[in-house]
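Source file data_11.pdb; content: PDB, C-alpha atoms.
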ATOM      1  CA  MET K  13      -6.550   2.855  23.278
ATOM      2  CA  SER K  14      -5.884  -0.650  24.557
ATOM      3  CA  GLU K  15      -3.623  -3.237  22.962
ATOM      4  CA  TYR K  16      -4.502  -5.616  20.138
ATOM      5  CA  ARG K  17      -3.016  -8.715  18.574
ATOM      6  CA  VAL K  18      -3.290 -10.292  15.133
ATOM      7  CA  ARG K  19      -3.840 -14.029  14.861
ATOM      8  CA  ALA K  20      -5.216 -16.658  12.492
ATOM      9  CA  ALA K  21      -9.005 -16.673  12.372
ATOM     10  CA  ARG K  22     -10.990 -19.568  13.789
ATOM     11  CA  SER K  23     -14.452 -20.745  12.846
ATOM     12  CA  ALA K  24     -15.758 -19.132  16.041
ATOM     13  CA  ASP K  25     -14.652 -15.745  14.615
ATOM     14  CA  VAL K  26     -16.795 -15.919  11.470
ATOM     15  CA  ARG K  27     -19.867 -14.203  12.917
ATOM     16  CA  GLY K  28     -17.589 -11.453  14.272
ATOM     17  CA  ILE K  29     -16.001 -11.068  10.830
ATOM     18  CA  GLN K  30     -19.482 -10.751   9.340
ATOM     19  CA  SER K  31     -20.337  -8.094  11.953
ATOM     20  CA  LEU K  32     -17.215  -6.122  10.964
ATOM     21  CA  LEU K  33     -18.123  -6.490   7.287
ATOM     22  CA  GLU K  34     -21.789  -5.496   7.449
ATOM     23  CA  PRO K  35     -21.397  -1.708   7.976
ATOM     24  CA  PHE K  36     -19.048  -1.558   4.954
ATOM     25  CA  VAL K  37     -21.566  -3.510   2.857
ATOM     26  CA  GLN K  38     -24.287  -1.058   3.912
ATOM     27  CA  ARG K  39     -22.042   1.846   2.856
ATOM     28  CA  ARG K  40     -21.347   0.049  -0.454
ATOM     29  CA  ILE K  41     -17.600  -0.024   0.213
ATOM     30  CA  LEU K  42     -17.288  -3.830   0.281
ATOM     31  CA  LEU K  43     -19.369  -6.570  -1.274
ATOM     32  CA  GLY K  44     -21.420  -8.691   1.101
ATOM     33  CA  LYS K  45     -20.474 -12.287   1.734
ATOM     34  CA  ASP K  46     -22.867 -15.014   2.800
ATOM     35  CA  LEU K  47     -22.076 -16.629   6.129
ATOM     36  CA  VAL K  48     -21.356 -19.962   4.415
ATOM     37  CA  VAL K  49     -18.773 -18.260   2.153
ATOM     38  CA  LEU K  50     -17.027 -16.792   5.210
ATOM     39  CA  TYR K  51     -16.944 -20.211   6.906
ATOM     40  CA  GLU K  52     -15.524 -21.776   3.720
ATOM     41  CA  ALA K  53     -12.773 -19.131   3.647
ATOM     42  CA  VAL K  54     -12.003 -18.917   7.388
ATOM     43  CA  GLN K  55      -8.505 -20.371   6.873
ATOM     44  CA  GLN K  56      -7.693 -17.391   4.611
ATOM     45  CA  PHE K  57      -8.457 -14.851   7.363
ATOM     46  CA  VAL K  58      -6.468 -13.264  10.114
ATOM     47  CA  VAL K  59      -8.188 -11.194  12.781
ATOM     48  CA  ALA K  60      -7.117  -8.429  15.132
ATOM     49  CA  GLU K  61      -8.609  -8.608  18.593
ATOM     50  CA  ASP K  62      -8.428  -6.212  21.510
ATOM     51  CA  GLU K  63      -7.409  -7.259  25.011
ATOM     52  CA  THR K  64     -11.010  -8.321  25.772
ATOM     53  CA  GLY K  65     -11.088 -10.656  22.755
ATOM     54  CA  ARG K  66     -13.394  -8.413  20.678
ATOM     55  CA  LEU K  67     -12.580  -8.399  16.964
ATOM     56  CA  VAL K  68     -11.369  -4.982  15.819
ATOM     57  CA  GLY K  69     -10.150  -5.913  12.346
ATOM     58  CA  CYS K  70      -9.717  -8.675   9.801
ATOM     59  CA  GLY K  71      -8.248  -9.437   6.418
ATOM     60  CA  ALA K  72      -7.926 -12.421   4.120
ATOM     61  CA  LEU K  73      -5.304 -13.782   1.750
ATOM     62  CA  HIS K  74      -6.735 -15.541  -1.279
ATOM     63  CA  VAL K  75      -4.361 -17.484  -3.541
ATOM     64  CA  MET K  76      -5.101 -16.690  -7.179
ATOM     65  CA  TRP K  77      -2.202 -18.351  -9.011
ATOM     66  CA  GLU K  78       1.222 -19.923  -8.483
ATOM     67  CA  ASP K  79       2.857 -16.616  -7.598
ATOM     68  CA  LEU K  80      -0.162 -14.377  -7.011
ATOM     69  CA  GLY K  81      -2.463 -13.720  -4.080
ATOM     70  CA  GLU K  82      -5.080 -11.133  -3.179
ATOM     71  CA  VAL K  83      -5.597  -9.172   0.021
ATOM     72  CA  ARG K  84      -9.350  -9.324   0.570
ATOM     73  CA  THR K  85     -11.902  -8.121   3.092
ATOM     74  CA  LEU K  86      -9.457  -5.835   4.911
ATOM     75  CA  ILE K  87     -11.518  -4.146   7.616
ATOM     76  CA  VAL K  88     -10.643  -2.124  10.704
ATOM     77  CA  ALA K  89     -13.355  -1.019  13.121
ATOM     78  CA  ASP K  90     -13.823   2.762  12.923
ATOM     79  CA  GLU K  91     -12.639   3.385  16.488
ATOM     80  CA  TRP K  92      -9.390   1.497  15.758
ATOM     81  CA  LEU K  93      -8.464   3.372  12.579
ATOM     82  CA  HIS K  94      -4.999   5.031  12.657
ATOM     83  CA  HIS K  95      -3.718   2.727  15.427
ATOM     84  CA  GLY K  96      -1.659   0.397  13.188
ATOM     85  CA  VAL K  97      -4.264  -2.387  13.026
ATOM     86  CA  GLY K  98      -4.593  -2.349   9.224
ATOM     87  CA  ARG K  99      -0.821  -2.235   8.783
ATOM     88  CA  ALA K 100      -0.381  -5.186  11.179
ATOM     89  CA  ILE K 101      -3.024  -7.222   9.350
ATOM     90  CA  VAL K 102      -1.453  -6.536   5.931
ATOM     91  CA  GLU K 103       2.028  -7.380   7.259
ATOM     92  CA  THR K 104       0.696 -10.686   8.615
ATOM     93  CA  LEU K 105      -0.988 -11.472   5.283
ATOM     94  CA  GLU K 106       2.267 -10.653   3.454
ATOM     95  CA  THR K 107       4.169 -13.025   5.746
ATOM     96  CA  ASN K 108       1.559 -15.717   5.062
ATOM     97  CA  ALA K 109       1.841 -15.046   1.313
ATOM     98  CA  ARG K 110       5.623 -15.452   1.389
ATOM     99  CA  GLY K 111       5.168 -18.689   3.351
ATOM    100  CA  LEU K 112       2.957 -19.983   0.548
ATOM    101  CA  GLY K 113       5.590 -19.057  -2.050
ATOM    102  CA  LEU K 114       3.706 -16.090  -3.484
ATOM    103  CA  SER K 115       5.712 -13.204  -4.913
ATOM    104  CA  ARG K 116       2.929 -10.747  -5.828
ATOM    105  CA  LEU K 117      -0.119  -9.445  -3.978
ATOM    106  CA  PHE K 118      -3.142  -7.812  -5.584
ATOM    107  CA  CYS K 119      -5.808  -5.649  -3.993
ATOM    108  CA  LEU K 120      -8.872  -3.797  -5.232
ATOM    109  CA  THR K 121      -9.371  -0.788  -3.010
ATOM    110  CA  PHE K 122     -10.695   2.683  -2.360
ATOM    111  CA  GLU K 123      -7.835   3.132   0.166
ATOM    112  CA  VAL K 124      -5.122   3.923  -2.377
ATOM    113  CA  GLU K 125      -2.958   5.969   0.024
ATOM    114  CA  PHE K 126      -2.967   3.221   2.657
ATOM    115  CA  PHE K 127      -1.883   0.553   0.174
ATOM    116  CA  THR K 128       0.636   2.880  -1.503
ATOM    117  CA  ARG K 129       2.325   3.303   1.904
ATOM    118  CA  ARG K 130       2.493  -0.511   2.084
ATOM    119  CA  GLY K 131       4.324  -0.694  -1.283
ATOM    120  CA  PHE K 132       1.397  -1.395  -3.617
ATOM    121  CA  THR K 133       1.187   0.447  -6.953
ATOM    122  CA  PRO K 134      -1.752   0.930  -9.336
ATOM    123  CA  ILE K 135      -1.785  -1.512 -12.237
ATOM    124  CA  GLY K 136      -3.025  -1.368 -15.802
ATOM    125  CA  GLU K 137      -4.772  -3.948 -17.906
ATOM    126  CA  GLN K 138      -2.258  -6.702 -18.643
ATOM    127  CA  VAL K 139      -0.536  -8.008 -15.520
ATOM    128  CA  VAL K 140      -0.306 -11.712 -16.380
ATOM    129  CA  ASP K 141       0.863 -13.415 -19.526
ATOM    130  CA  PRO K 142      -1.743 -14.706 -22.000
ATOM    131  CA  ASP K 143      -1.345 -18.361 -20.943
ATOM    132  CA  VAL K 144      -2.034 -17.538 -17.281
ATOM    133  CA  TYR K 145      -4.890 -15.242 -18.309
ATOM    134  CA  SER K 146      -6.507 -18.090 -20.261
ATOM    135  CA  GLN K 147      -6.452 -20.216 -17.085
ATOM    136  CA  LEU K 148      -7.555 -17.482 -14.662
ATOM    137  CA  VAL K 149     -10.485 -16.431 -16.848
ATOM    138  CA  ARG K 150     -12.021 -19.885 -16.203
ATOM    139  CA  SER K 151     -12.326 -19.247 -12.471
ATOM    140  CA  PRO K 152     -15.814 -18.572 -11.074
ATOM    141  CA  ASP K 153     -14.217 -16.390  -8.366
ATOM    142  CA  GLU K 154     -15.363 -12.745  -8.531
ATOM    143  CA  GLY K 155     -12.037 -11.526  -7.129
ATOM    144  CA  ILE K 156     -10.159 -13.080 -10.015
ATOM    145  CA  ALA K 157     -12.621 -11.467 -12.440
ATOM    146  CA  GLU K 158     -11.903  -8.126 -10.726
ATOM    147  CA  PHE K 159      -8.159  -8.733 -11.006
ATOM    148  CA  LEU K 160      -8.537  -9.443 -14.728
ATOM    149  CA  ASP K 161     -10.813  -6.376 -15.049
ATOM    150  CA  LEU K 162     -13.538  -8.375 -16.801
ATOM    151  CA  ALA K 163     -16.586  -6.451 -17.988
ATOM    152  CA  HIS K 164     -19.173  -8.311 -15.872
ATOM    153  CA  VAL K 165     -17.582  -7.112 -12.604
ATOM    154  CA  LYS K 166     -17.293  -3.449 -13.614
ATOM    155  CA  PRO K 167     -20.159  -2.444 -11.243
ATOM    156  CA  ASN K 168     -18.134  -3.965  -8.350
ATOM    157  CA  THR K 169     -15.005  -2.046  -9.258
ATOM    158  CA  LEU K 170     -16.347   1.451  -9.915
ATOM    159  CA  GLY K 171     -14.212   3.945  -8.045
ATOM    160  CA  ASN K 172     -11.805   1.242  -6.852
ATOM    161  CA  THR K 173      -8.150   1.049  -7.822
ATOM    162  CA  ARG K 174      -6.489  -2.209  -8.818
ATOM    163  CA  MET K 175      -3.083  -2.372  -7.119
ATOM    164  CA  LEU K 176      -0.181  -4.818  -7.011
ATOM    165  CA  LYS K 177       2.838  -5.346  -4.776
ATOM    166  CA  GLN K 178       5.986  -7.352  -5.461
ATOM    167  CA  LEU K 179       6.940  -9.228  -2.294
TER     168      LEU K 179
END
Turn this file's structure into structure tokens for me.
Amino acid sequence: MSEYRVRAARSADVRGIQSLLEPFVQRRILLGKDLVVLYEAVQQFVVAEDETGRLVGCGALHVMWEDLGEVRTLIVADEWLHHGVGRAIVETLETNARGLGLSRLFCLTFEVEFFTRRGFTPIGEQVVDPDVYSQLVRSPDEGIAEFLDLAHVKPNTLGNTRMLKQL
């Protein structure tokens, strides 16, 4: 297998990110995202590219609160699985999170073993204090609703595990 590198995503990467995402949407592993939503969030993404410049993975860091972020849309192309790409993307997102002053990272995942090896642990219901909850519940963001385990996102979260890591 050739080499890869992880770097900040650029707007020119968005269609490649969507191409990585689509097979996982078809398999009902990840929720689809409109192209405009990906462009609006491009600054949250890092990408892994092979030596030819082809995208082989991506992931995003979404700030949820003063001390809390979410790892989102973590994808590694099937042929690059078990080559350290996912680990490198998560490590880069953790570095970015620390740079933003975040101390906790959330993820909603089917890949419990992968995230457990990265230091994430499953979480229960109440992971923020009531004052923060009352602010977060106002957000229209589906990821925050998933973090809070709100009833209207239950179909999105079936089979997934909510996990948290202290940075």
Q: Mind giving me the straight-line distance from atom CA of K:Leu117 to atom CA of K:Leu47 in Å, one decimal?
A: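 We find that atom CA of K:Leu117 and atom CA of K:Leu47 lie 25.2 Å from each other.
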Q: Have a look at K:Phe127, K:Phe118, K:Trp92, K:Phe132 and name the one nearest to K:Glu15; count only C-alpha atoms.
A: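 Of all the options, K:Trp92 lies closest to K:Glu15.
A straight line drawn from atom CA of K:Leu32 to atom CA of K:Val54 is 14.3 Å long.
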Using all atoms of stretch 134-144 of chain K that appear in the file, construct an axis-aligned enclosing box with 8 Å of padding on every side and provide its centre coordinates and edge lengths in Å, rounded to one decimal, as JSON.
{"center_x": -2.0, "center_y": -8.7, "center_z": -15.7, "size_x": 21.6, "size_y": 35.3, "size_z": 28.7}
Q: Using the chain letters and numbers from the file, give me the residues hit by the PyMOL selection byres ((chain K and resi 64-76) around 7), as a ChimeraX atom specification.
A: /K:28-29,56-63,77,80-89,92,97,101,105,156
Output for the residues just chosen: C-alpha atoms as a short mmCIF file (atom, residue, chain, number, x, y, z; two decimals), in the frame of the given file:
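See part.cif below for the written result:
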data_model
loop_
_atom_site.label_atom_id
_atom_site.label_comp_id
_atom_site.auth_asym_id
_atom_site.auth_seq_id
_atom_site.Cartn_x
_atom_site.Cartn_y
_atom_site.Cartn_z
CA GLY K 28 -17.59 -11.45 14.27
CA ILE K 29 -16.00 -11.07 10.83
CA GLN K 56 -7.69 -17.39 4.61
CA PHE K 57 -8.46 -14.85 7.36
CA VAL K 58 -6.47 -13.26 10.11
CA VAL K 59 -8.19 -11.19 12.78
CA ALA K 60 -7.12 -8.43 15.13
CA GLU K 61 -8.61 -8.61 18.59
CA ASP K 62 -8.43 -6.21 21.51
CA GLU K 63 -7.41 -7.26 25.01
CA TRP K 77 -2.20 -18.35 -9.01
CA LEU K 80 -0.16 -14.38 -7.01
CA GLY K 81 -2.46 -13.72 -4.08
CA GLU K 82 -5.08 -11.13 -3.18
CA VAL K 83 -5.60 -9.17 0.02
CA ARG K 84 -9.35 -9.32 0.57
CA THR K 85 -11.90 -8.12 3.09
CA LEU K 86 -9.46 -5.84 4.91
CA ILE K 87 -11.52 -4.15 7.62
CA VAL K 88 -10.64 -2.12 10.70
CA ALA K 89 -13.36 -1.02 13.12
CA TRP K 92 -9.39 1.50 15.76
CA VAL K 97 -4.26 -2.39 13.03
CA ILE K 101 -3.02 -7.22 9.35
CA LEU K 105 -0.99 -11.47 5.28
CA ILE K 156 -10.16 -13.08 -10.02
#
(Q) Please expand the PyMOL selection byres ((chain K and resi 112) around 10) into the concrete residues it hits in this file, giving the result as a PyMOL selection string. (A) chain K and resi 75+78-81+106-111+113-115
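Between atom CA of K:Ser146 and atom CA of K:Arg116 the interatomic distance comes to 18.7 Å.
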Would you translate the PyMOL selection byres ((chain K and resi 122) around 12) into the concrete set of residues it matches in this file, as a PDB file with C-alpha atoms, in the frame of the given file?
ATOM      1  CA  PHE K  36     -19.048  -1.558   4.954  1.00  0.00           C
ATOM      2  CA  ARG K  40     -21.347   0.049  -0.454  1.00  0.00           C
ATOM      3  CA  ILE K  41     -17.600  -0.024   0.213  1.00  0.00           C
ATOM      4  CA  LEU K  42     -17.288  -3.830   0.281  1.00  0.00           C
ATOM      5  CA  LEU K  86      -9.457  -5.835   4.911  1.00  0.00           C
ATOM      6  CA  CYS K 119      -5.808  -5.649  -3.993  1.00  0.00           C
ATOM      7  CA  LEU K 120      -8.872  -3.797  -5.232  1.00  0.00           C
ATOM      8  CA  THR K 121      -9.371  -0.788  -3.010  1.00  0.00           C
ATOM      9  CA  GLU K 123      -7.835   3.132   0.166  1.00  0.00           C
ATOM     10  CA  VAL K 124      -5.122   3.923  -2.377  1.00  0.00           C
ATOM     11  CA  GLU K 125      -2.958   5.969   0.024  1.00  0.00           C
ATOM     12  CA  PHE K 126      -2.967   3.221   2.657  1.00  0.00           C
ATOM     13  CA  PHE K 127      -1.883   0.553   0.174  1.00  0.00           C
ATOM     14  CA  THR K 128       0.636   2.880  -1.503  1.00  0.00           C
ATOM     15  CA  PRO K 134      -1.752   0.930  -9.336  1.00  0.00           C
ATOM     16  CA  ASN K 168     -18.134  -3.965  -8.350  1.00  0.00           C
ATOM     17  CA  THR K 169     -15.005  -2.046  -9.258  1.00  0.00           C
ATOM     18  CA  LEU K 170     -16.347   1.451  -9.915  1.00  0.00           C
ATOM     19  CA  GLY K 171     -14.212   3.945  -8.045  1.00  0.00           C
ATOM     20  CA  ASN K 172     -11.805   1.242  -6.852  1.00  0.00           C
ATOM     21  CA  THR K 173      -8.150   1.049  -7.822  1.00  0.00           C
ATOM     22  CA  ARG K 174      -6.489  -2.209  -8.818  1.00  0.00           C
ATOM     23  CA  MET K 175      -3.083  -2.372  -7.119  1.00  0.00           C
TER      24      MET K 175
END
Q: Give me the residues within 12 Å of K:Tyr145 as a list in words, counting all atoms listed in the file and dropping any in the same chain fewer than 4 places off.
A: Met76, Trp77, Glu137, Gln138, Val139, Val140, Asp141, Val149, Arg150, Ser151, Ile156, Ala157, Phe159, Leu160, Asp161 and Leu162 of chain K
